[in-house]
$ cat query-v1.cif   # mmCIF, C-alpha atoms
data_target
#
loop_
_atom_site.label_atom_id
_atom_site.label_comp_id
_atom_site.auth_asym_id
_atom_site.auth_seq_id
_atom_site.Cartn_x
_atom_site.Cartn_y
_atom_site.Cartn_z
CA MET A 1 15.44 -4.60 -36.97
CA ALA A 2 17.36 -1.76 -35.39
CA GLU A 3 14.87 -1.34 -32.54
CA LYS A 4 15.41 -4.89 -31.27
CA ARG A 5 17.96 -4.02 -28.65
CA THR A 6 18.25 -5.60 -25.25
CA ASN A 7 17.70 -3.36 -22.24
CA SER A 8 21.43 -3.08 -21.63
CA GLU A 9 22.04 -2.23 -25.29
CA TRP A 10 19.49 0.58 -25.12
CA LEU A 11 21.11 1.95 -21.99
CA SER A 12 24.59 1.63 -23.35
CA ASP A 13 23.73 3.30 -26.67
CA LEU A 14 21.87 6.13 -25.00
CA ARG A 15 24.76 6.76 -22.62
CA THR A 16 27.36 7.11 -25.36
CA GLU A 17 27.87 10.19 -27.48
CA GLY A 18 27.85 9.93 -31.25
CA PHE A 19 26.02 7.94 -33.87
CA GLU A 20 25.00 5.05 -31.54
CA LYS A 21 23.12 7.52 -29.39
CA ASP A 22 21.60 9.27 -32.39
CA ASP A 23 20.45 5.93 -33.84
CA ALA A 24 19.03 4.83 -30.52
CA LEU A 25 17.13 8.11 -30.10
CA GLN A 26 15.75 7.84 -33.61
CA ASP A 27 14.63 4.26 -33.01
CA LEU A 28 13.13 5.15 -29.67
CA ARG A 29 11.24 8.01 -31.24
CA ALA A 30 9.83 5.56 -33.79
CA VAL A 31 8.71 3.26 -30.96
CA ILE A 32 6.87 6.15 -29.28
CA VAL A 33 5.24 7.44 -32.47
CA ARG A 34 4.11 3.95 -33.46
CA GLY A 35 2.58 3.21 -30.07
CA LEU A 36 0.71 6.43 -29.28
CA PRO A 37 -2.16 5.97 -31.77
CA TYR A 38 -3.10 2.73 -29.96
CA ALA A 39 -2.85 4.42 -26.57
CA LEU A 40 -4.97 7.40 -27.51
CA THR A 41 -7.83 5.80 -29.44
CA LYS A 42 -10.31 6.76 -26.72
CA TRP A 43 -9.04 10.33 -26.67
CA LEU A 44 -8.13 11.51 -30.13
CA SER A 45 -8.41 10.04 -33.59
CA SER A 46 -5.12 9.73 -35.43
CA SER A 47 -6.80 11.62 -38.29
CA ASP A 48 -7.51 14.60 -36.00
CA PRO A 49 -5.41 17.62 -37.01
CA GLN A 50 -4.20 17.98 -33.40
CA PHE A 51 -2.91 14.43 -33.31
CA TYR A 52 0.31 14.99 -35.26
CA ASP A 53 1.34 17.99 -33.15
CA LEU A 54 0.58 16.16 -29.92
CA VAL A 55 2.60 13.11 -30.93
CA GLU A 56 5.55 15.25 -32.02
CA GLU A 57 5.49 17.22 -28.79
CA VAL A 58 5.12 14.12 -26.62
CA ALA A 59 7.86 12.21 -28.46
CA GLN A 60 10.29 15.08 -27.99
CA GLU A 61 9.43 15.57 -24.32
CA THR A 62 9.59 11.82 -23.66
CA LEU A 63 13.08 11.51 -25.14
CA LEU A 64 14.33 14.40 -23.03
CA ARG A 65 12.81 12.88 -19.94
CA VAL A 66 14.20 9.43 -20.72
CA LEU A 67 17.72 10.81 -21.15
CA SER A 68 17.56 12.69 -17.87
CA HIS A 69 16.08 9.73 -15.97
CA LEU A 70 18.06 6.80 -17.41
CA ASP A 71 19.46 5.97 -13.99
CA THR A 72 15.98 5.44 -12.60
CA PHE A 73 15.20 2.56 -15.00
CA LYS A 74 15.30 -0.53 -12.81
CA GLY A 75 15.12 -3.13 -15.56
CA ARG A 76 11.91 -4.73 -14.31
CA SER A 77 10.28 -4.38 -17.73
CA GLN A 78 11.38 -3.98 -21.32
CA PHE A 79 13.12 -0.65 -21.71
CA THR A 80 10.69 0.31 -24.46
CA THR A 81 7.70 -0.35 -22.16
CA TRP A 82 9.24 1.96 -19.59
CA VAL A 83 9.65 4.64 -22.26
CA GLN A 84 6.10 4.15 -23.53
CA LYS A 85 4.80 4.47 -19.98
CA ILE A 86 6.38 7.92 -19.83
CA ALA A 87 4.97 8.88 -23.24
CA VAL A 88 1.47 7.73 -22.26
CA ARG A 89 1.58 9.77 -19.05
CA LEU A 90 2.73 12.90 -20.91
CA ALA A 91 0.17 12.53 -23.72
CA ILE A 92 -2.83 11.86 -21.50
CA THR A 93 -1.82 14.60 -19.06
CA GLU A 94 -1.81 17.09 -21.94
CA LEU A 95 -5.18 15.86 -23.25
CA ARG A 96 -6.71 16.10 -19.78
CA ARG A 97 -5.33 19.59 -19.34
CA LYS A 98 -6.87 20.74 -22.62
CA ARG A 99 -10.21 19.08 -21.88
CA TRP A 100 -10.56 20.67 -18.42
CA GLN A 101 -8.71 23.97 -18.91
CA ASP A 102 -11.88 26.07 -19.04
CA THR A 103 -13.47 24.45 -15.99
CA SER A 104 -13.04 26.32 -12.75
CA LEU A 105 -12.95 24.21 -9.63
CA ASP A 106 -14.44 27.02 -7.58
CA GLU A 107 -17.39 27.32 -9.95
CA LEU A 108 -18.07 23.59 -9.71
CA VAL A 109 -18.03 23.73 -5.95
CA ASP A 110 -20.12 26.91 -5.78
CA THR A 111 -22.72 25.38 -8.06
CA GLU A 112 -22.80 22.35 -5.83
CA GLY A 113 -23.37 24.37 -2.66
CA SER A 114 -22.24 21.65 -0.34
CA PHE A 115 -21.11 18.15 -1.08
CA PHE A 116 -24.09 15.94 -1.95
CA GLY A 117 -26.07 19.15 -2.09
CA SER A 118 -28.02 19.97 -5.17
CA ARG A 119 -26.69 17.02 -7.14
CA LEU A 120 -27.89 14.26 -4.86
CA MET A 121 -31.65 14.51 -5.07
CA VAL A 122 -34.49 12.14 -4.48
CA ASP A 123 -36.32 11.12 -7.63
CA PRO A 124 -40.01 12.02 -6.99
CA ALA A 125 -41.10 9.24 -9.35
CA VAL A 126 -40.19 6.61 -6.73
CA GLY A 127 -43.27 7.38 -4.58
CA PRO A 128 -43.61 9.12 -1.21
CA GLU A 129 -42.55 6.24 1.07
CA ILE A 130 -39.32 5.44 -0.76
CA ALA A 131 -38.65 9.14 -1.30
CA THR A 132 -38.73 9.64 2.47
CA GLU A 133 -36.30 6.77 3.02
CA GLN A 134 -33.98 8.08 0.35
CA SER A 135 -34.11 11.60 1.80
CA GLU A 136 -33.18 10.25 5.23
CA ILE A 137 -30.21 8.26 3.93
CA LEU A 138 -28.98 11.18 1.85
CA ALA A 139 -29.30 13.49 4.85
CA GLN A 140 -27.24 11.01 6.91
CA MET A 141 -24.54 10.78 4.24
CA ARG A 142 -24.40 14.58 3.89
CA ARG A 143 -24.05 14.93 7.66
CA LEU A 144 -21.21 12.39 7.85
CA ILE A 145 -19.38 14.03 4.98
CA THR A 146 -19.77 17.53 6.40
CA GLU A 147 -18.70 16.45 9.88
CA GLU A 148 -15.82 14.17 8.90
CA LEU A 149 -14.18 15.75 5.89
CA THR A 150 -12.21 18.94 5.62
CA GLU A 151 -13.34 21.60 3.18
CA LYS A 152 -10.45 20.66 0.91
CA GLN A 153 -11.44 17.00 0.94
CA GLN A 154 -15.04 17.87 0.14
CA LYS A 155 -13.93 20.13 -2.69
CA ALA A 156 -11.76 17.37 -4.18
CA MET A 157 -14.55 14.82 -3.86
CA ILE A 158 -17.03 17.08 -5.62
CA ALA A 159 -14.62 17.58 -8.51
CA VAL A 160 -13.44 13.98 -8.83
CA ARG A 161 -16.40 11.86 -7.73
CA ILE A 162 -19.35 13.97 -8.87
CA HIS A 163 -17.99 15.81 -11.89
CA GLY A 164 -15.52 13.16 -13.01
CA MET A 165 -12.60 15.57 -13.11
CA PRO A 166 -9.29 13.68 -13.35
CA ILE A 167 -7.30 13.68 -10.10
CA GLU A 168 -4.42 15.15 -12.10
CA GLU A 169 -6.52 18.16 -13.13
CA ALA A 170 -8.15 18.69 -9.74
CA ALA A 171 -4.66 18.58 -8.23
CA ARG A 172 -3.36 21.15 -10.73
CA LYS A 173 -6.22 23.49 -9.88
CA MET A 174 -5.62 22.98 -6.15
CA ASP A 175 -1.85 23.58 -6.49
CA MET A 176 -1.07 20.06 -5.33
CA THR A 177 0.65 17.08 -6.87
CA ARG A 178 -1.50 14.23 -8.15
CA ASN A 179 0.08 11.95 -5.55
CA ALA A 180 -0.78 14.34 -2.73
CA LEU A 181 -4.38 14.67 -3.90
CA TYR A 182 -4.77 10.90 -4.16
CA LYS A 183 -3.57 10.65 -0.56
CA LEU A 184 -5.98 13.40 0.52
CA LEU A 185 -8.87 11.50 -1.10
CA HIS A 186 -7.64 8.24 0.41
CA ASP A 187 -7.71 9.81 3.84
CA ALA A 188 -11.23 11.10 3.12
CA ARG A 189 -12.39 7.59 2.18
CA LEU A 190 -10.83 6.10 5.31
CA ARG A 191 -12.53 8.69 7.53
CA LEU A 192 -15.91 8.19 5.92
CA LYS A 193 -15.67 4.43 6.01
CA LYS A 194 -14.74 4.47 9.70
CA ARG A 195 -17.52 6.89 10.56
CA MET A 196 -20.10 4.81 8.71
CA GLU A 197 -18.94 1.74 10.63
CA GLU A 198 -19.19 3.63 13.92
CA GLU A 199 -22.73 4.70 13.07
CA GLY A 200 -23.67 1.22 11.91
CA ILE A 201 -24.44 2.29 8.34
CA THR A 202 -23.46 -0.27 5.75
CA ALA A 203 -23.12 0.23 2.01
CA ASP A 204 -25.82 -2.39 1.52
CA ASP A 205 -28.24 -0.40 3.72
CA VAL A 206 -27.73 2.68 1.62
CA LEU A 207 -27.90 0.95 -1.71
CA ALA A 208 -30.98 -1.07 -0.79
CA VAL A 209 -32.97 2.16 -0.54
CA PHE A 210 -31.92 3.17 -4.04
CA GLU A 211 -32.48 -0.17 -5.78
CA MET B 1 -22.54 14.43 -14.09
CA GLN B 2 -24.24 11.23 -13.14
CA PRO B 3 -27.57 10.53 -11.43
CA THR B 4 -27.71 10.39 -7.64
CA ASP B 5 -27.90 6.61 -7.33
CA GLU B 6 -24.87 6.12 -9.61
CA ILE B 7 -22.80 8.64 -7.65
CA LEU B 8 -23.75 6.94 -4.41
CA LYS B 9 -23.07 3.45 -5.77
CA GLN B 10 -19.63 4.47 -6.98
CA LEU B 11 -18.80 6.25 -3.74
CA LEU B 12 -19.87 3.25 -1.67
CA HIS B 13 -18.02 0.87 -3.97
CA HIS B 14 -14.85 2.88 -3.45
CA LEU B 15 -15.42 3.12 0.30
CA GLY B 16 -15.97 -0.64 0.48
CA LYS B 17 -12.65 -1.29 -1.24
CA THR B 18 -10.70 1.31 0.73
CA LYS B 19 -7.69 -0.10 2.62
CA ALA B 20 -5.58 1.53 5.30
CA ASP B 21 -2.45 0.96 3.19
CA GLU B 22 -2.74 1.96 -0.43
CA LEU B 23 -0.14 2.79 -3.03
CA GLY B 24 -0.02 6.41 -4.14
CA CYS B 25 0.00 7.46 -7.80
CA ASP B 26 3.80 7.86 -7.76
CA GLU B 27 4.36 4.33 -6.45
CA LEU B 28 1.85 2.99 -8.96
CA PHE B 29 3.71 4.73 -11.79
CA GLU B 30 6.93 3.01 -10.73
CA LEU B 31 5.29 -0.40 -11.11
CA LEU B 32 3.07 0.32 -14.09
CA ASP B 33 5.40 -0.94 -16.86
CA GLU B 34 6.09 -4.25 -15.12
CA TYR B 35 2.44 -4.75 -14.20
CA THR B 36 1.17 -3.91 -17.69
CA GLU B 37 3.60 -6.34 -19.31
CA ALA B 38 2.26 -9.08 -17.03
CA ALA B 39 -1.30 -8.09 -17.94
CA ALA B 40 -0.46 -8.19 -21.67
CA ARG B 41 0.84 -11.75 -21.18
CA GLY B 42 -2.39 -12.66 -19.37
CA GLN B 43 -0.45 -13.30 -16.17
CA ILE B 44 -2.30 -11.02 -13.81
CA THR B 45 -3.79 -12.90 -10.92
CA GLU B 46 -5.22 -11.68 -7.64
CA GLN B 47 -1.98 -12.69 -5.96
CA LEU B 48 0.23 -10.66 -8.26
CA MET B 49 0.65 -7.11 -7.10
CA PRO B 50 -2.70 -6.85 -5.30
CA LEU B 51 -1.86 -3.31 -4.23
CA VAL B 52 -1.53 -2.27 -7.87
CA GLN B 53 -4.93 -3.71 -8.70
CA GLN B 54 -6.39 -2.04 -5.65
CA HIS B 55 -5.03 1.36 -6.69
CA LEU B 56 -6.28 0.95 -10.26
CA ASP B 57 -9.74 0.25 -8.87
CA GLN B 58 -9.67 3.52 -6.90
CA CYS B 59 -7.85 5.80 -9.31
CA HIS B 60 -9.43 6.51 -12.67
CA ASP B 61 -6.38 8.48 -13.86
CA CYS B 62 -3.94 5.61 -13.31
CA CYS B 63 -6.44 3.12 -14.70
CA GLU B 64 -6.72 5.11 -17.94
CA GLU B 65 -2.94 5.16 -18.27
CA PHE B 66 -2.74 1.43 -17.59
CA GLU B 67 -5.32 0.73 -20.31
CA ALA B 68 -3.53 3.01 -22.76
CA LEU B 69 -0.18 1.30 -22.17
CA LEU B 70 -1.84 -2.10 -22.40
CA SER B 71 -3.28 -1.15 -25.80
CA ILE B 72 0.23 -0.41 -27.06
CA LEU B 73 1.64 -3.70 -25.77
CA LYS B 74 -1.24 -5.66 -27.26
CA SER B 75 -0.73 -3.97 -30.62
CA GLU B 76 2.92 -5.01 -30.56
CA ALA B 77 2.03 -8.60 -29.72
CA ALA B 78 -0.58 -8.82 -32.49
#
$ encode --input "query-v1.cif" --output "structure tokens"
Amino acid sequence: MAEKRTNSEWLSDLRTEGFEKDDALQDLRAVIVRGLPYALTKWLSSSDPQFYDLVEEVAQETLLRVLSHLDTFKGRSQFTTWVQKIAVRLAITELRRKRWQDTSLDELVDTEGSFFGSRLMVDPAVGPEIATEQSEILAQMRRLITEELTEKQQKAMIAVRIHGMPIEEAARKMDMTRNALYKLLHDARLRLKKRMEEEGITADDVLAVFE
Amino acid sequence: MQPTDEILKQLLHHLGKTKADELGCDELFELLDEYTEAAARGQITEQLMPLVQQHLDQCHDCCEEFEALLSILKSEAA
């Protein structure tokens, strides 16, 4: 089968000009198109009318990216896995963008008021004693978050942790890279964890009240 | 959106697993192909790339991409 090249054969064919390169690109395209339906089962059915266009677009973009980044392939995996990794990232990024394009980060945050504001409520069905305990714990958590985290960190946490917005999408809406937003959220987690330790609040304490 | 107790549980779970040194999404992406191949072969252990596992536990985006790539590799092995 034409696609059964070694890593060095893929690289060599893609670096030449002429029919070897054309064949390799055609085979690589087939690898991408064959794999994407398995990757996207949770996102989009292969019978969906949008599926064909997405796969075509992603395959084209992946090949361009592969050609311009050949020197960054370190050979630690099969070349085709490396290519599929790029295709998966491009496809899911596009699907996330479409899914969240009409959601405004500012509206989410405004609706929320403050972090852990209107969304984190005590369930009155638990009874007055437990409701009081829960209210106290929630008030403590709100205070720590407000005191420890920057406005930007709180905004990101509302979007990602409460509304389930992908980090990629929250980052896009905040004009940041995904990597930078992950680091911002990592710093937020570290600050909160440290502050909880300083105040002697353990995760078990908090969860016990909500069991 | 999820109920209050679920949000809290997830937040506390993530706080509990937070480490001072974590990989970022870019570093994770660099390792994702190698890691996913190992996972497809059933060779992932706690000792192998613990920082990758730790990031996947914290980052839903990267975890989704790992699962998607794994689905492709499993389909090829079938």
$ interface_residues --input "query-v1.cif" --of "chain A" --to "chain B" --cutoff "8 Å" --atoms "only C-alpha atoms" --output "JSON, numbers by chain"
{"A": [35, 36, 38, 39, 40, 76, 77, 81, 82, 84, 85, 88, 89, 92, 119, 120, 121, 122, 161, 162, 163, 164, 166, 167, 168, 178, 179, 182, 183, 186, 189, 190, 192, 193, 203, 207, 210]}
$ write_last_selection --input "query-v1.cif" --atoms "C-alpha atoms" --output "PDB file, keeping the file's coordinate frame"
ATOM      1  CA  GLY A  35       2.580   3.210 -30.070  1.00  0.00           C
ATOM      2  CA  LEU A  36       0.710   6.430 -29.280  1.00  0.00           C
ATOM      3  CA  TYR A  38      -3.100   2.730 -29.960  1.00  0.00           C
ATOM      4  CA  ALA A  39      -2.850   4.420 -26.570  1.00  0.00           C
ATOM      5  CA  LEU A  40      -4.970   7.400 -27.510  1.00  0.00           C
ATOM      6  CA  ARG A  76      11.910  -4.730 -14.310  1.00  0.00           C
ATOM      7  CA  SER A  77      10.280  -4.380 -17.730  1.00  0.00           C
ATOM      8  CA  THR A  81       7.700  -0.350 -22.160  1.00  0.00           C
ATOM      9  CA  TRP A  82       9.240   1.960 -19.590  1.00  0.00           C
ATOM     10  CA  GLN A  84       6.100   4.150 -23.530  1.00  0.00           C
ATOM     11  CA  LYS A  85       4.800   4.470 -19.980  1.00  0.00           C
ATOM     12  CA  VAL A  88       1.470   7.730 -22.260  1.00  0.00           C
ATOM     13  CA  ARG A  89       1.580   9.770 -19.050  1.00  0.00           C
ATOM     14  CA  ILE A  92      -2.830  11.860 -21.500  1.00  0.00           C
ATOM     15  CA  ARG A 119     -26.690  17.020  -7.140  1.00  0.00           C
ATOM     16  CA  LEU A 120     -27.890  14.260  -4.860  1.00  0.00           C
ATOM     17  CA  MET A 121     -31.650  14.510  -5.070  1.00  0.00           C
ATOM     18  CA  VAL A 122     -34.490  12.140  -4.480  1.00  0.00           C
ATOM     19  CA  ARG A 161     -16.400  11.860  -7.730  1.00  0.00           C
ATOM     20  CA  ILE A 162     -19.350  13.970  -8.870  1.00  0.00           C
ATOM     21  CA  HIS A 163     -17.990  15.810 -11.890  1.00  0.00           C
ATOM     22  CA  GLY A 164     -15.520  13.160 -13.010  1.00  0.00           C
ATOM     23  CA  PRO A 166      -9.290  13.680 -13.350  1.00  0.00           C
ATOM     24  CA  ILE A 167      -7.300  13.680 -10.100  1.00  0.00           C
ATOM     25  CA  GLU A 168      -4.420  15.150 -12.100  1.00  0.00           C
ATOM     26  CA  ARG A 178      -1.500  14.230  -8.150  1.00  0.00           C
ATOM     27  CA  ASN A 179       0.080  11.950  -5.550  1.00  0.00           C
ATOM     28  CA  TYR A 182      -4.770  10.900  -4.160  1.00  0.00           C
ATOM     29  CA  LYS A 183      -3.570  10.650  -0.560  1.00  0.00           C
ATOM     30  CA  HIS A 186      -7.640   8.240   0.410  1.00  0.00           C
ATOM     31  CA  ARG A 189     -12.390   7.590   2.180  1.00  0.00           C
ATOM     32  CA  LEU A 190     -10.830   6.100   5.310  1.00  0.00           C
ATOM     33  CA  LEU A 192     -15.910   8.190   5.920  1.00  0.00           C
ATOM     34  CA  LYS A 193     -15.670   4.430   6.010  1.00  0.00           C
ATOM     35  CA  ALA A 203     -23.120   0.230   2.010  1.00  0.00           C
ATOM     36  CA  LEU A 207     -27.900   0.950  -1.710  1.00  0.00           C
ATOM     37  CA  PHE A 210     -31.920   3.170  -4.040  1.00  0.00           C
TER      38      PHE A 210
END
$ resolve_selection --input "query-v1.cif" --expression "the PyMOL selection byres ((chain A and resi 26) around 12)" --output "list in words"
Ala2, Glu3, Trp10, Asp13, Leu14, Phe19, Glu20, Lys21, Asp22, Asp23, Ala24, Leu25, Asp27, Leu28, Arg29, Ala30, Val31, Ile32, Val33, Ala59, Gln60 and Leu63 of chain A
$ atom_distance --input "query-v1.cif" --atom1 "atom CA of Ser68 of chain A" --atom2 "atom CA of Arg15 of chain A"
10.5 Å
$ closest_residue --input "query-v1.cif" --among "A:Glu211, A:Asp204, A:Glu151, A:Asp102" --to "Ile130 of chain A" --atoms "all atoms listed in the file"
A:Glu211
$ atom_distance --input "query-v1.cif" --atom1 "atom CA of Thr62 of chain A" --atom2 "atom CA of Thr93 of chain A"
12.6 Å
$ build_atoms --input "query-v1.cif" --residues "segment 21-49 of chain A" --atoms "N, CA and C atoms" --output "PDB file, keeping the file's coordinate frame"
ATOM      1  N   LYS A  21      24.160   6.807 -30.152  1.00  0.00           N
ATOM      2  CA  LYS A  21      23.120   7.520 -29.390  1.00  0.00           C
ATOM      3  C   LYS A  21      22.073   8.098 -30.347  1.00  0.00           C
ATOM      4  N   ASP A  22      22.536   8.688 -31.423  1.00  0.00           N
ATOM      5  CA  ASP A  22      21.600   9.270 -32.390  1.00  0.00           C
ATOM      6  C   ASP A  22      20.676   8.199 -32.973  1.00  0.00           C
ATOM      7  N   ASP A  23      21.262   7.037 -33.298  1.00  0.00           N
ATOM      8  CA  ASP A  23      20.450   5.930 -33.840  1.00  0.00           C
ATOM      9  C   ASP A  23      19.433   5.456 -32.804  1.00  0.00           C
ATOM     10  N   ALA A  24      19.923   5.316 -31.576  1.00  0.00           N
ATOM     11  CA  ALA A  24      19.030   4.830 -30.520  1.00  0.00           C
ATOM     12  C   ALA A  24      17.875   5.807 -30.301  1.00  0.00           C
ATOM     13  N   LEU A  25      18.179   7.104 -30.300  1.00  0.00           N
ATOM     14  CA  LEU A  25      17.130   8.110 -30.100  1.00  0.00           C
ATOM     15  C   LEU A  25      16.119   8.090 -31.255  1.00  0.00           C
ATOM     16  N   GLN A  26      16.637   7.896 -32.444  1.00  0.00           N
ATOM     17  CA  GLN A  26      15.750   7.840 -33.610  1.00  0.00           C
ATOM     18  C   GLN A  26      14.838   6.602 -33.527  1.00  0.00           C
ATOM     19  N   ASP A  27      15.424   5.488 -33.124  1.00  0.00           N
ATOM     20  CA  ASP A  27      14.630   4.260 -33.010  1.00  0.00           C
ATOM     21  C   ASP A  27      13.601   4.368 -31.879  1.00  0.00           C
ATOM     22  N   LEU A  28      14.036   5.003 -30.801  1.00  0.00           N
ATOM     23  CA  LEU A  28      13.130   5.150 -29.670  1.00  0.00           C
ATOM     24  C   LEU A  28      11.963   6.073 -30.023  1.00  0.00           C
ATOM     25  N   ARG A  29      12.286   7.092 -30.769  1.00  0.00           N
ATOM     26  CA  ARG A  29      11.240   8.010 -31.240  1.00  0.00           C
ATOM     27  C   ARG A  29      10.221   7.251 -32.085  1.00  0.00           C
ATOM     28  N   ALA A  30      10.731   6.352 -32.935  1.00  0.00           N
ATOM     29  CA  ALA A  30       9.830   5.560 -33.790  1.00  0.00           C
ATOM     30  C   ALA A  30       8.932   4.657 -32.936  1.00  0.00           C
ATOM     31  N   VAL A  31       9.493   4.107 -31.872  1.00  0.00           N
ATOM     32  CA  VAL A  31       8.710   3.260 -30.960  1.00  0.00           C
ATOM     33  C   VAL A  31       7.560   4.078 -30.356  1.00  0.00           C
ATOM     34  N   ILE A  32       7.886   5.289 -29.917  1.00  0.00           N
ATOM     35  CA  ILE A  32       6.870   6.150 -29.280  1.00  0.00           C
ATOM     36  C   ILE A  32       5.779   6.526 -30.292  1.00  0.00           C
ATOM     37  N   VAL A  33       6.196   6.958 -31.452  1.00  0.00           N
ATOM     38  CA  VAL A  33       5.240   7.440 -32.470  1.00  0.00           C
ATOM     39  C   VAL A  33       4.351   6.288 -32.956  1.00  0.00           C
ATOM     40  N   ARG A  34       4.908   5.099 -33.009  1.00  0.00           N
ATOM     41  CA  ARG A  34       4.110   3.950 -33.460  1.00  0.00           C
ATOM     42  C   ARG A  34       3.083   3.529 -32.396  1.00  0.00           C
ATOM     43  N   GLY A  35       3.458   3.689 -31.137  1.00  0.00           N
ATOM     44  CA  GLY A  35       2.580   3.210 -30.070  1.00  0.00           C
ATOM     45  C   GLY A  35       1.437   4.157 -29.702  1.00  0.00           C
ATOM     46  N   LEU A  36       1.693   5.471 -29.786  1.00  0.00           N
ATOM     47  CA  LEU A  36       0.710   6.430 -29.280  1.00  0.00           C
ATOM     48  C   LEU A  36      -0.688   6.329 -29.913  1.00  0.00           C
ATOM     49  N   PRO A  37      -0.796   6.080 -31.226  1.00  0.00           N
ATOM     50  CA  PRO A  37      -2.160   5.970 -31.770  1.00  0.00           C
ATOM     51  C   PRO A  37      -2.993   4.892 -31.073  1.00  0.00           C
ATOM     52  N   TYR A  38      -2.360   3.799 -30.662  1.00  0.00           N
ATOM     53  CA  TYR A  38      -3.100   2.730 -29.960  1.00  0.00           C
ATOM     54  C   TYR A  38      -3.496   3.199 -28.555  1.00  0.00           C
ATOM     55  N   ALA A  39      -2.591   3.958 -27.940  1.00  0.00           N
ATOM     56  CA  ALA A  39      -2.850   4.420 -26.570  1.00  0.00           C
ATOM     57  C   ALA A  39      -3.965   5.453 -26.511  1.00  0.00           C
ATOM     58  N   LEU A  40      -4.088   6.226 -27.582  1.00  0.00           N
ATOM     59  CA  LEU A  40      -4.970   7.400 -27.510  1.00  0.00           C
ATOM     60  C   LEU A  40      -6.290   7.227 -28.257  1.00  0.00           C
ATOM     61  N   THR A  41      -6.614   5.998 -28.641  1.00  0.00           N
ATOM     62  CA  THR A  41      -7.830   5.800 -29.440  1.00  0.00           C
ATOM     63  C   THR A  41      -9.082   6.361 -28.764  1.00  0.00           C
ATOM     64  N   LYS A  42      -9.117   6.272 -27.416  1.00  0.00           N
ATOM     65  CA  LYS A  42     -10.310   6.760 -26.720  1.00  0.00           C
ATOM     66  C   LYS A  42     -10.304   8.285 -26.595  1.00  0.00           C
ATOM     67  N   TRP A  43      -9.193   8.897 -26.907  1.00  0.00           N
ATOM     68  CA  TRP A  43      -9.040  10.330 -26.670  1.00  0.00           C
ATOM     69  C   TRP A  43      -9.087  11.152 -27.954  1.00  0.00           C
ATOM     70  N   LEU A  44      -8.350  10.679 -28.949  1.00  0.00           N
ATOM     71  CA  LEU A  44      -8.130  11.510 -30.130  1.00  0.00           C
ATOM     72  C   LEU A  44      -7.895  10.590 -31.318  1.00  0.00           C
ATOM     73  N   SER A  45      -8.619  10.852 -32.395  1.00  0.00           N
ATOM     74  CA  SER A  45      -8.410  10.040 -33.590  1.00  0.00           C
ATOM     75  C   SER A  45      -7.076  10.411 -34.235  1.00  0.00           C
ATOM     76  N   SER A  46      -6.410   9.428 -34.799  1.00  0.00           N
ATOM     77  CA  SER A  46      -5.120   9.730 -35.430  1.00  0.00           C
ATOM     78  C   SER A  46      -5.302  10.585 -36.681  1.00  0.00           C
ATOM     79  N   SER A  47      -6.566  10.740 -37.134  1.00  0.00           N
ATOM     80  CA  SER A  47      -6.800  11.620 -38.290  1.00  0.00           C
ATOM     81  C   SER A  47      -7.125  13.060 -37.840  1.00  0.00           C
ATOM     82  N   ASP A  48      -7.251  13.253 -36.524  1.00  0.00           N
ATOM     83  CA  ASP A  48      -7.510  14.600 -36.000  1.00  0.00           C
ATOM     84  C   ASP A  48      -6.299  15.498 -36.276  1.00  0.00           C
ATOM     85  N   PRO A  49      -6.541  16.729 -36.722  1.00  0.00           N
ATOM     86  CA  PRO A  49      -5.410  17.620 -37.010  1.00  0.00           C
ATOM     87  C   PRO A  49      -4.481  17.854 -35.808  1.00  0.00           C
TER      88      PRO A  49
END
